[in-house]
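Colleague: Input file: final-v2.csv. Contents: CSV, C-alpha atoms.
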chain,number,residue,atom,x,y,z
A,523,MET,CA,0.0,0.0,0.0
A,524,ASN,CA,2.7,2.5,1.0
A,525,GLN,CA,4.9,1.6,-2.0
A,526,LYS,CA,2.0,2.1,-4.4
A,527,THR,CA,1.0,5.4,-2.8
A,528,SER,CA,4.6,6.6,-3.0
A,529,ASN,CA,4.8,5.7,-6.7
A,530,MET,CA,1.6,7.6,-7.3
A,531,ASP,CA,3.0,10.6,-5.5
A,532,PHE,CA,6.2,10.4,-7.5
A,533,ARG,CA,4.2,10.4,-10.7
A,534,ARG,CA,2.2,13.4,-9.6
A,535,MET,CA,5.3,15.3,-8.7
A,536,LEU,CA,6.8,14.7,-12.1
A,537,GLY,CA,3.5,15.6,-13.8
A,538,HIS,CA,3.3,18.8,-11.7
A,539,TYR,CA,6.8,19.8,-12.7
A,540,GLY,CA,6.2,19.1,-16.3
A,541,ASP,CA,3.0,21.1,-16.3
A,542,SER,CA,4.7,24.1,-14.7
A,543,VAL,CA,7.4,24.1,-17.3
A,544,ARG,CA,4.8,23.8,-20.1
A,545,ASP,CA,2.8,26.7,-18.6
A,546,ARG,CA,5.9,28.9,-18.4
A,547,TRP,CA,6.7,28.0,-22.0
A,548,ALA,CA,3.2,28.9,-23.1
A,549,HIS,CA,3.5,32.4,-21.8
A,550,THR,CA,7.0,32.9,-23.1
A,551,PRO,CA,7.3,35.8,-25.7
A,552,GLY,CA,7.7,34.9,-29.3
A,553,TRP,CA,11.2,36.4,-29.6
A,554,GLN,CA,12.5,34.3,-26.7
A,555,ARG,CA,11.0,31.2,-28.2
A,556,TRP,CA,12.9,31.9,-31.5
A,557,ILE,CA,16.1,32.3,-29.5
A,558,VAL,CA,15.6,28.9,-27.9
A,559,TYR,CA,14.8,27.3,-31.4
A,560,VAL,CA,18.0,28.8,-32.9
A,561,LEU,CA,20.1,27.5,-29.9
A,562,LEU,CA,18.6,24.1,-30.3
A,563,ILE,CA,19.5,24.0,-34.0
A,564,ILE,CA,23.0,25.1,-33.2
A,565,GLY,CA,23.2,22.4,-30.6
A,566,ALA,CA,22.1,19.8,-33.1
A,567,LEU,CA,24.8,21.0,-35.5
A,568,LEU,CA,27.4,20.7,-32.8
A,569,LEU,CA,26.5,17.2,-31.8
A,570,PRO,CA,29.0,15.4,-34.2
A,571,SER,CA,31.8,16.8,-32.1
A,572,GLU,CA,34.4,14.2,-31.1
A,573,THR,CA,34.3,15.5,-27.5
A,574,ILE,CA,30.6,14.7,-27.2
A,575,GLY,CA,31.1,11.4,-29.1
A,576,SER,CA,33.8,10.1,-26.7
A,577,PHE,CA,31.1,9.9,-24.0
A,578,MET,CA,28.0,9.3,-26.0
A,579,SER,CA,29.4,6.5,-28.1
A,580,PRO,CA,32.8,5.2,-27.0
A,581,TYR,CA,32.5,1.9,-29.0
A,582,THR,CA,31.3,3.2,-32.5
A,583,ASP,CA,31.6,6.2,-34.7
A,584,TRP,CA,29.4,8.9,-33.1
A,585,ALA,CA,28.8,10.8,-36.4
A,586,SER,CA,27.6,7.7,-38.1
A,587,ILE,CA,25.3,6.8,-35.2
A,588,LEU,CA,23.8,10.4,-35.3
A,589,PHE,CA,22.6,9.8,-38.8
A,590,PHE,CA,21.5,6.2,-38.3
A,591,PRO,CA,19.9,5.1,-36.0
A,592,ILE,CA,19.4,8.3,-34.0
A,593,GLY,CA,18.5,10.9,-36.6
A,594,THR,CA,16.6,8.4,-38.7
A,595,TYR,CA,14.6,7.2,-35.7
A,596,VAL,CA,13.8,10.8,-34.7
A,597,VAL,CA,12.4,11.7,-38.2
A,598,LEU,CA,10.5,8.4,-38.5
A,599,ALA,CA,9.0,8.9,-35.0
A,600,ILE,CA,7.8,12.3,-35.9
A,601,GLY,CA,6.0,10.8,-38.9
A,602,LEU,CA,4.5,7.9,-36.9
A,603,ASN,CA,3.4,10.4,-34.2
A,604,VAL,CA,1.1,12.1,-36.7
A,605,VAL,CA,-0.7,8.7,-37.2
A,606,VAL,CA,-0.5,7.3,-33.7
A,607,GLY,CA,-0.1,10.3,-31.4
A,608,GLN,CA,-2.2,12.9,-33.1
A,609,ALA,CA,-4.9,10.9,-35.0
A,610,GLY,CA,-4.9,7.8,-32.6
A,611,LEU,CA,-4.5,5.2,-35.4
A,612,LEU,CA,-2.3,2.3,-34.4
A,613,ASP,CA,0.0,1.6,-37.3
A,614,LEU,CA,2.3,-1.4,-37.1
A,615,GLY,CA,3.4,-1.3,-40.7
A,616,PHE,CA,5.0,2.2,-40.8
A,617,VAL,CA,8.3,0.6,-42.0
A,618,ALA,CA,6.6,0.0,-45.4
A,619,PHE,CA,6.6,3.7,-46.3
A,620,TYR,CA,10.3,3.9,-45.2
A,621,ALA,CA,10.9,1.0,-47.6
A,622,VAL,CA,8.9,2.6,-50.5
A,623,GLY,CA,11.0,5.8,-50.1
A,624,GLY,CA,14.3,3.8,-50.0
A,625,TYR,CA,13.4,1.8,-53.1
A,626,SER,CA,12.2,4.9,-54.9
A,627,MET,CA,15.7,6.4,-54.4
A,628,ALA,CA,17.4,3.2,-55.4
A,629,LEU,CA,15.3,2.5,-58.6
A,630,LEU,CA,15.0,6.0,-59.9
A,631,GLY,CA,18.7,6.8,-59.1
A,632,THR,CA,20.2,3.6,-60.6
A,633,ARG,CA,17.8,2.9,-63.5
A,634,LEU,CA,16.8,6.4,-64.7
A,635,GLY,CA,19.8,8.4,-63.3
A,636,TRP,CA,17.5,11.0,-61.7
A,637,ASN,CA,18.8,13.8,-59.4
A,638,PHE,CA,18.5,13.2,-55.6
A,639,TRP,CA,16.4,16.3,-55.1
A,640,LEU,CA,13.9,15.3,-57.8
A,641,ILE,CA,13.8,11.8,-56.4
A,642,LEU,CA,13.1,13.2,-52.9
A,643,LEU,CA,10.1,15.1,-54.2
A,644,VAL,CA,8.8,12.1,-56.3
A,645,GLY,CA,9.4,9.7,-53.4
A,646,ILE,CA,7.4,11.9,-51.0
A,647,GLY,CA,4.5,11.9,-53.6
A,648,ILE,CA,4.7,8.1,-54.1
A,649,CYS,CA,4.7,7.5,-50.3
A,650,ALA,CA,1.7,9.8,-49.8
A,651,LEU,CA,-0.1,7.9,-52.6
A,652,SER,CA,0.9,4.7,-50.8
A,653,GLY,CA,-0.6,6.0,-47.6
A,654,ILE,CA,-3.9,6.8,-49.3
A,655,THR,CA,-3.9,3.4,-51.1
A,656,LEU,CA,-3.5,1.7,-47.7
A,657,GLY,CA,-5.9,3.9,-45.9
A,658,GLY,CA,-8.7,3.7,-48.5
A,659,PRO,CA,-9.8,0.1,-47.8
A,660,THR,CA,-8.5,-0.1,-44.2
A,661,LEU,CA,-9.3,3.1,-42.3
A,662,ARG,CA,-12.9,2.1,-41.7
A,663,LEU,CA,-11.4,-0.4,-39.3
A,664,ARG,CA,-10.5,0.5,-35.7
A,665,GLY,CA,-8.2,-0.5,-32.9
A,666,ASP,CA,-6.6,-3.9,-33.1
A,667,TYR,CA,-8.2,-4.7,-36.5
A,668,LEU,CA,-6.5,-1.7,-38.0
A,669,ALA,CA,-3.2,-2.7,-36.3
A,670,ILE,CA,-3.4,-6.2,-37.9
A,671,VAL,CA,-4.1,-4.8,-41.3
A,672,THR,CA,-1.2,-2.3,-41.2
A,673,LEU,CA,1.1,-5.1,-39.9
A,674,GLY,CA,0.1,-7.2,-42.9
A,675,PHE,CA,0.8,-4.2,-45.3
A,676,GLY,CA,4.3,-3.8,-44.0
A,677,GLU,CA,5.0,-7.5,-44.5
A,678,ILE,CA,3.5,-7.5,-48.0
A,679,ILE,CA,5.8,-4.7,-49.1
A,680,ARG,CA,8.9,-6.5,-47.7
A,681,ILE,CA,8.0,-9.9,-49.1
A,682,THR,CA,7.1,-8.4,-52.5
A,683,ALA,CA,10.4,-6.7,-52.7
A,684,ARG,CA,12.2,-10.0,-51.8
A,685,ASN,CA,10.4,-12.0,-54.4
A,686,THR,CA,10.5,-9.5,-57.3
A,687,ASP,CA,13.7,-9.9,-59.3
A,688,GLU,CA,13.1,-6.8,-61.3
A,689,ILE,CA,13.9,-4.7,-58.2
A,690,GLY,CA,16.8,-6.8,-57.0
A,691,GLY,CA,15.0,-9.6,-55.2
A,692,PRO,CA,16.6,-10.8,-52.0
A,693,ASN,CA,20.0,-9.2,-53.0
A,694,GLY,CA,18.5,-5.7,-53.2
A,695,ILE,CA,19.9,-2.9,-55.2
A,696,ARG,CA,23.5,-1.6,-55.2
A,697,GLY,CA,25.2,1.5,-56.5
A,698,ILE,CA,22.7,4.0,-55.3
A,699,PRO,CA,24.0,7.5,-56.1
A,700,HIS,CA,24.7,10.1,-53.4
A,701,PRO,CA,23.2,13.5,-53.4
A,702,PRO,CA,25.1,15.8,-55.8
A,703,SER,CA,28.0,17.7,-54.2
A,704,PHE,CA,28.5,21.4,-54.8
A,705,GLY,CA,30.6,24.2,-53.3
A,706,ASP,CA,33.3,24.2,-50.7
A,707,LEU,CA,31.2,25.7,-47.8
A,708,GLU,CA,32.6,24.5,-44.5
A,709,LEU,CA,30.9,24.2,-41.1
A,710,PHE,CA,33.0,23.3,-38.1
A,711,GLY,CA,35.7,22.1,-40.5
A,712,VAL,CA,33.3,19.9,-42.6
A,713,LYS,CA,32.4,20.5,-46.2
A,714,ILE,CA,28.7,20.2,-45.6
A,715,PHE,CA,27.8,19.8,-49.3
A,716,LYS,CA,30.4,17.2,-50.1
A,717,TYR,CA,28.6,13.9,-50.1
A,718,GLY,CA,30.7,10.7,-50.2
A,719,VAL,CA,31.2,7.4,-48.6
A,720,LEU,CA,33.6,8.1,-45.8
A,721,ASP,CA,32.3,11.2,-43.9
A,722,PRO,CA,28.7,10.8,-42.5
A,723,ARG,CA,28.5,14.4,-41.2
A,724,PRO,CA,27.2,16.1,-44.4
A,725,TYR,CA,24.4,13.6,-44.4
A,726,TYR,CA,23.7,14.3,-40.8
A,727,TYR,CA,23.5,18.1,-41.5
A,728,LEU,CA,21.1,17.3,-44.4
A,729,LEU,CA,19.0,15.2,-42.0
A,730,VAL,CA,18.9,18.1,-39.5
A,731,ALA,CA,17.5,20.4,-42.3
A,732,LEU,CA,14.9,17.8,-43.2
A,733,ALA,CA,14.0,17.4,-39.5
A,734,VAL,CA,13.6,21.2,-39.0
A,735,ILE,CA,11.3,21.4,-42.1
A,736,VAL,CA,9.2,18.4,-40.9
A,737,ILE,CA,8.9,19.8,-37.4
A,738,ILE,CA,7.7,23.2,-38.7
A,739,LEU,CA,5.1,21.6,-40.9
A,740,VAL,CA,3.8,19.1,-38.3
A,741,LYS,CA,3.5,21.9,-35.7
A,742,ARG,CA,1.5,24.0,-38.1
A,743,TRP,CA,-0.8,21.1,-38.8
A,744,GLU,CA,-1.2,20.4,-35.1
A,745,LYS,CA,-2.3,24.0,-34.3
A,746,SER,CA,-4.6,24.2,-37.3
A,747,ARG,CA,-8.2,22.9,-37.9
A,748,VAL,CA,-6.6,19.6,-39.1
A,749,GLY,CA,-4.8,19.1,-35.8
A,750,ARG,CA,-8.0,19.7,-33.8
A,751,ALA,CA,-9.8,17.2,-36.0
A,752,TRP,CA,-7.1,14.6,-35.4
A,753,ALA,CA,-7.4,15.2,-31.7
A,754,ALA,CA,-11.1,14.8,-31.8
A,755,ILE,CA,-10.8,11.5,-33.7
A,756,ARG,CA,-8.2,10.2,-31.3
A,757,GLU,CA,-10.4,11.0,-28.2
A,758,ASP,CA,-13.7,9.7,-29.6
A,759,GLU,CA,-14.2,9.1,-33.2
A,760,ASP,CA,-18.0,8.6,-33.0
A,761,ALA,CA,-18.5,11.8,-31.1
A,762,ALA,CA,-16.3,13.6,-33.7
A,763,GLU,CA,-18.3,12.3,-36.5
A,764,VAL,CA,-21.6,13.3,-34.9
A,765,MET,CA,-20.2,16.8,-34.4
A,766,GLY,CA,-19.6,17.1,-38.2
A,767,VAL,CA,-15.9,16.1,-38.5
A,768,PRO,CA,-15.3,14.1,-41.7
A,769,THR,CA,-13.3,11.5,-39.9
A,770,PHE,CA,-12.5,9.3,-42.8
A,771,ARG,CA,-11.0,12.2,-44.8
A,772,PHE,CA,-8.9,13.3,-41.9
A,773,LYS,CA,-7.7,9.8,-41.1
A,774,MET,CA,-6.6,9.5,-44.8
A,775,LEU,CA,-4.7,12.8,-44.5
A,776,ALA,CA,-2.9,11.5,-41.3
A,777,PHE,CA,-1.8,8.4,-43.1
A,778,ALA,CA,-0.7,10.4,-46.2
A,779,VAL,CA,1.3,12.9,-44.0
A,780,GLY,CA,2.9,10.2,-41.9
A,781,ALA,CA,3.8,8.1,-45.0
A,782,SER,CA,5.3,11.2,-46.7
A,783,ILE,CA,7.6,11.8,-43.8
A,784,GLY,CA,8.6,8.1,-43.6
A,785,GLY,CA,9.3,8.1,-47.4
A,786,ALA,CA,11.4,11.3,-47.3
A,787,MET,CA,13.6,9.6,-44.6
A,788,GLY,CA,13.8,6.5,-46.7
A,789,VAL,CA,15.1,8.4,-49.7
A,790,MET,CA,17.7,10.2,-47.6
A,791,TRP,CA,18.8,7.0,-45.9
A,792,ALA,CA,19.1,5.1,-49.2
A,793,SER,CA,21.3,7.8,-50.7
A,794,LYS,CA,23.7,7.4,-47.7
A,795,VAL,CA,24.0,3.6,-47.5
A,796,ILE,CA,24.6,3.0,-51.3
A,797,SER,CA,22.8,-0.4,-51.2
A,798,LEU,CA,19.7,-1.8,-49.7
A,799,ASN,CA,17.8,-5.1,-49.5
A,800,PRO,CA,14.4,-6.3,-48.1
A,801,ASN,CA,16.0,-7.3,-44.8
A,802,ASP,CA,16.6,-3.7,-44.0
A,803,PHE,CA,12.8,-3.2,-43.5
A,804,GLN,CA,11.8,-5.8,-40.9
A,805,PHE,CA,8.7,-5.5,-38.7
A,806,LEU,CA,11.1,-4.9,-35.7
A,807,LEU,CA,11.8,-1.4,-37.0
A,808,SER,CA,8.1,-0.5,-37.0
A,809,ALA,CA,7.8,-1.9,-33.4
A,810,THR,CA,10.9,0.1,-32.3
A,811,ILE,CA,9.6,3.4,-33.7
A,812,LEU,CA,6.2,2.8,-32.1
A,813,ALA,CA,8.0,2.1,-28.8
A,814,ALA,CA,9.8,5.4,-29.2
A,815,VAL,CA,6.6,7.3,-29.8
A,816,VAL,CA,4.8,5.7,-26.8
A,817,MET,CA,7.8,6.0,-24.5
A,818,GLY,CA,8.5,9.6,-25.4
A,819,GLY,CA,4.8,10.7,-25.0
A,820,ALA,CA,2.5,10.1,-28.0
A,821,GLY,CA,1.0,13.3,-29.3
A,822,ASN,CA,3.8,15.6,-27.9
A,823,LEU,CA,6.5,16.3,-30.5
A,824,PRO,CA,9.4,17.1,-28.1
A,825,GLY,CA,8.6,13.9,-26.1
A,826,VAL,CA,8.5,11.8,-29.2
A,827,MET,CA,11.9,13.1,-30.4
A,828,LEU,CA,13.3,12.4,-26.9
A,829,GLY,CA,11.9,8.9,-26.9
A,830,ALA,CA,13.4,8.2,-30.4
A,831,PHE,CA,16.7,9.5,-29.2
A,832,VAL,CA,16.7,7.2,-26.1
A,833,VAL,CA,15.6,4.1,-28.0
A,834,ALA,CA,18.2,4.6,-30.7
A,835,TRP,CA,21.1,5.7,-28.4
A,836,LEU,CA,20.9,3.3,-25.5
A,837,PRO,CA,21.8,0.1,-27.4
A,838,GLU,CA,24.8,1.9,-29.0
A,839,ARG,CA,26.0,3.4,-25.7
A,840,PHE,CA,26.2,-0.1,-24.1
A,841,ARG,CA,27.5,-1.9,-27.2
A,842,GLY,CA,30.6,-2.9,-25.3
A,843,LEU,CA,28.5,-5.2,-23.1
A,844,GLN,CA,27.7,-7.3,-26.1
A,845,GLU,CA,24.6,-9.4,-25.6
A,846,TYR,CA,23.8,-7.8,-22.2
A,847,ARG,CA,23.2,-4.4,-23.8
A,848,MET,CA,19.8,-5.5,-25.0
A,849,LEU,CA,19.0,-6.7,-21.6
A,850,ILE,CA,19.8,-3.3,-20.1
A,851,PHE,CA,17.9,-1.6,-22.9
A,852,GLY,CA,14.8,-3.7,-22.1
A,853,ALA,CA,15.1,-3.1,-18.4
A,854,VAL,CA,15.2,0.6,-19.0
A,855,LEU,CA,12.1,0.5,-21.1
A,856,VAL,CA,10.3,-1.5,-18.4
A,857,VAL,CA,11.3,0.9,-15.6
A,858,LEU,CA,10.2,3.9,-17.7
A,859,MET,CA,6.8,2.4,-18.5
A,860,ILE,CA,6.3,1.6,-14.8
A,861,PHE,CA,7.1,5.1,-13.5
A,862,ARG,CA,6.1,7.1,-16.6
A,863,PRO,CA,3.3,5.1,-18.4
A,864,GLN,CA,2.2,8.3,-20.1
A,865,GLY,CA,5.7,8.9,-21.6
A,866,LEU,CA,8.8,10.9,-20.7
A,867,LEU,CA,7.2,14.2,-21.9
A,868,PRO,CA,3.5,13.6,-22.4
A,869,SER,CA,1.0,16.1,-23.7
A,870,ARG,CA,-1.8,17.1,-21.3
A,871,GLN,CA,-4.4,15.5,-23.6
A,872,ARG,CA,-2.6,12.2,-23.5
A,873,LYS,CA,-2.3,12.3,-19.7
A,874,ALA,CA,-6.1,13.0,-19.5
A,875,GLU,CA,-6.8,10.1,-21.8
A,876,LEU,CA,-4.6,7.8,-19.8
A,877,LYS,CA,-6.4,8.8,-16.7
A,878,GLU,CA,-9.8,8.0,-18.3
A,879,GLY,CA,-8.4,4.7,-19.7
A,880,SER,CA,-8.2,5.3,-23.4
A,881,GLY,CA,-4.4,5.5,-23.4
A,882,GLY,CA,-4.4,8.1,-26.1
A,883,MET,CA,-4.8,5.5,-28.8
A,884,GLY,CA,-8.3,6.1,-29.8
A,885,SER,CA,-10.6,3.1,-29.2
A,886,LEU,CA,-7.7,0.7,-28.7
A,887,GLY,CA,-7.8,-0.3,-25.0
A,888,ALA,CA,-10.5,2.2,-24.1
A,889,GLU,CA,-12.1,-0.1,-21.6
A,890,VAL,CA,-8.9,-0.6,-19.6
A,891,PRO,CA,-8.6,1.7,-16.6
A,892,GLY,CA,-5.6,4.1,-16.6
A,893,PRO,CA,-2.8,3.8,-14.2
A,894,GLU,CA,-3.7,6.9,-12.3
A,895,SER,CA,-7.3,5.8,-11.7
A,896,ARG,CA,-6.1,2.4,-10.5
A,897,GLY,CA,-3.7,4.2,-8.1
A,898,GLU,CA,-6.4,6.4,-6.7
A,899,GLU,CA,-8.7,3.4,-6.2
A,900,VAL,CA,-6.0,1.6,-4.3
A,901,ALA,CA,-5.2,4.7,-2.2
A,902,SER,CA,-8.8,5.1,-1.3
A,903,LYS,CA,-9.0,1.6,0.1
As structure tokens, what does this structure read like?
Modeller:
Amino acid sequence: MNQKTSNMDFRRMLGHYGDSVRDRWAHTPGWQRWIVYVLLIIGALLLPSETIGSFMSPYTDWASILFFPIGTYVVLAIGLNVVVGQAGLLDLGFVAFYAVGGYSMALLGTRLGWNFWLILLVGIGICALSGITLGGPTLRLRGDYLAIVTLGFGEIIRITARNTDEIGGPNGIRGIPHPPSFGDLELFGVKIFKYGVLDPRPYYYLLVALAVIVIILVKRWEKSRVGRAWAAIREDEDAAEVMGVPTFRFKMLAFAVGASIGGAMGVMWASKVISLNPNDFQFLLSATILAAVVMGGAGNLPGVMLGAFVVAWLPERFRGLQEYRMLIFGAVLVVLMIFRPQGLLPSRQRKAELKEGSGGMGSLGAEVPGPESRGEEVASK
């Protein structure tokens, strides 16, 4: 009894501290916010420093890890958060859009010789169309049924790629071109527009630019009528439809936006690695990105990015422990879900939904009481 009560008090203390920080930020003048944003971007550009890398990744190259898995997971988590965190649609096949973007870069770059920037735009369009194609027949489903269908879609894409010799079959595609290099502009001693095999830092800076653009667009959507419609669908789809929200149309839009972000990251990743094959797009990647979204705080963009960073960084930080590193990684996830079931940096809406039992995932698990309500029931006894 005392242990459960103390755990509940600890959660409340963390929640109160997070709310106070959020309130202070909400009343911060615009010019101060922009200063913080600029400082964060500068901090991201400084991350490849060897001084930072000596602690963050003593066993592997820190700059390479910043691009993949850390940076890649962050962008993918932002895209999946649109679907899961904002619209409340549980998608277990998000890796499929990442694969479509990667194969778009590989095929259009090697077969047609297209420029990277053109392929990036075309890949985003193809992935948006893929999201609409998947969403058309499936988004009338809800909860675990939707999760099963999206899981099947992800596996269909991977198995089709493995069994189609015209796109490389199980051997994949090699010789994928890099983005075109131009100029000799240097940043922190790195030619940031010189893309090659050896130095991963120019790709990381390109990924930072992509992440900034994606964050701006996603935040604009979140604060618009579209974001309010997604929140209404997540909390109660039936009530939203009764109130006049065209739920099917907005769910399709969420899938298209999330797929576009995943596809853009797939194009960029493929241009860096030179070769790809179907084994690069396993279901485990979808599950990992979903874990990052939930652990960080579904629906809250800073929390999702933090969750993706932790999920990607922890296994690399403890790589020297060999097979035990995954045991440590799993233990950290369990501890975080016990003490912070709503995520590291949850949104207020998600906390309210967890308290009511919906878990911030729409109808999925809506009949299960939330952890706070269970704690209050135990304390009352």
Colleague: Residues within 8 Å of Phe803 of chain A, please, as a list in words. Count only C-alpha atoms; anything in the same chain fewer than 4 positions from it doesn't count.
Modeller: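 The filter keeps Val617, Ala618, Tyr620, Ala621, Arg680 and Leu807 of chain A.
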Colleague: What is the distance between atom CA of Ser703 of chain A and atom CA of Trp639 of chain A, in Å to one decimal?
Modeller: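 Taking atom CA of Ser703 of chain A as the start and atom CA of Trp639 of chain A as the end point, the length is 11.7 Å.
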Colleague: Ranking A:Gly694, A:Thr582, A:Tyr727, A:Thr682 by minimum distance to Gly565 of chain A and counting only C-alpha atoms, which one comes first?
Modeller: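 Comparing A:Gly694, A:Thr582, A:Tyr727, A:Thr682 against Gly565 of chain A, the winner is A:Tyr727.
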Colleague: May I have the residues within 8 Å of Leu812 of chain A as a PyMOL selection string, using only C-alpha atoms and disregarding those fewer than 6 positions away in the same chain?
Modeller: chain A and resi 599+602+614
Colleague: Determine the nearest neighbour of Gly691 of chain A from the options A:Gly819, A:Pro551, A:Pro800, A:Pro868, counting only C-alpha atoms.
Modeller: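 Closest residue, counting only C-alpha atoms: A:Pro800.
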Colleague: Within 12 Å of (14.7, 12.0, -59.1) in the file's own coordinates, which protein, DNA or RNA residues have an atom, counting only C-alpha atoms? List them as a PyMOL selection string.
Modeller: chain A and resi 623+625-648+698-702+789+793
Colleague: Find the spatial neighbours of segment 841-857 of chain A, counting only C-alpha atoms, within a cut-off of 10 Å - ignore same-chain residues fewer than 5 positions away - and output them as a PyMOL selection string.
Modeller: chain A and resi 579-582+813-814+817+832-836+862-863
Colleague: Any idea what's packed within 8 Å of Phe805 of chain A, counting all atoms listed in the file, ignoring anything in its chain fewer than 4 positions away? Could you give it as a PDB file with C-alpha atoms, keeping the file's coordinate frame?
Modeller:
ATOM      1  CA  LEU A 614       2.300  -1.400 -37.100  1.00  0.00           C
ATOM      2  CA  GLY A 615       3.400  -1.300 -40.700  1.00  0.00           C
ATOM      3  CA  VAL A 617       8.300   0.600 -42.000  1.00  0.00           C
ATOM      4  CA  LEU A 673       1.100  -5.100 -39.900  1.00  0.00           C
ATOM      5  CA  GLY A 676       4.300  -3.800 -44.000  1.00  0.00           C
ATOM      6  CA  GLU A 677       5.000  -7.500 -44.500  1.00  0.00           C
ATOM      7  CA  ALA A 809       7.800  -1.900 -33.400  1.00  0.00           C
TER       8      ALA A 809
END
Colleague: List every protein, DNA or RNA residue that has at least one atom no more than 12 Å from (26.6, 7.5, -33.3) in the file's coordinates, counting all atoms listed in the file, and write the result as a ChimeraX atom specification.
Modeller: /A:569-572,574-594,722-723,726,831,834-841
Colleague: State, in Å with one decimal place, the distance from atom CA of Ile714 of chain A to atom CA of Val740 of chain A.
Modeller: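 Atom CA of Val740 of chain A lies 26.0 Å from atom CA of Ile714 of chain A.
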Colleague: Find the residue from A:Pro824, A:Phe619, A:Leu567, A:Ala761 that sits nearest to Ile654 of chain A; use only C-alpha atoms when measuring.
Modeller: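 Residue with the minimum atom-to-atom distance to Ile654 of chain A: A:Phe619.
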Colleague: If we count only C-alpha atoms, what is near Val815 of chain A at a cut-off of 9 Å, once residues fewer than 6 positions away on the same chain are taken out, given as an MDAnalysis selection string?
Modeller: chainID A and resid 599:600 602:603 606:607 821:822 825:830 865
Colleague: To one decimal in Å, tell me the separation between atom CA of Lys741 of chain A and atom CA of Lys794 of chain A.
Modeller: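 These two atoms are separated by 27.6 Å.
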Colleague: Could you model all heavy atoms for segment 689-693 of chain A and present them as a compact mmCIF listing (two decimals), in the frame of the given file?
Modeller:
# COMPACT_ATOMS: atom_id res chain seq x y z
N ILE A 689 13.39 -5.73 -59.13
CA ILE A 689 13.90 -4.70 -58.20
C ILE A 689 14.98 -5.27 -57.29
O ILE A 689 15.18 -4.79 -56.18
CB ILE A 689 12.77 -4.05 -57.39
CG1 ILE A 689 12.01 -5.09 -56.57
CG2 ILE A 689 11.83 -3.30 -58.29
CD1 ILE A 689 10.97 -4.48 -55.64
N GLY A 690 15.63 -6.30 -57.75
CA GLY A 690 16.80 -6.80 -57.00
C GLY A 690 16.52 -8.08 -56.22
O GLY A 690 17.46 -8.76 -55.81
N GLY A 691 15.26 -8.42 -55.95
CA GLY A 691 15.00 -9.60 -55.20
C GLY A 691 15.61 -9.59 -53.82
O GLY A 691 15.77 -8.53 -53.19
N PRO A 692 16.03 -10.75 -53.31
CA PRO A 692 16.60 -10.80 -52.00
C PRO A 692 17.99 -10.10 -51.90
O PRO A 692 18.45 -9.74 -50.81
CB PRO A 692 16.77 -12.30 -51.69
CG PRO A 692 16.79 -12.93 -53.05
CD PRO A 692 15.91 -12.08 -53.90
N ASN A 693 18.66 -9.91 -53.04
CA ASN A 693 20.00 -9.20 -53.00
C ASN A 693 19.86 -7.73 -52.99
O ASN A 693 20.86 -7.04 -52.73
CB ASN A 693 20.76 -9.65 -54.29
CG ASN A 693 21.09 -11.13 -54.29
OD1 ASN A 693 21.37 -11.71 -53.24
ND2 ASN A 693 21.03 -11.75 -55.48
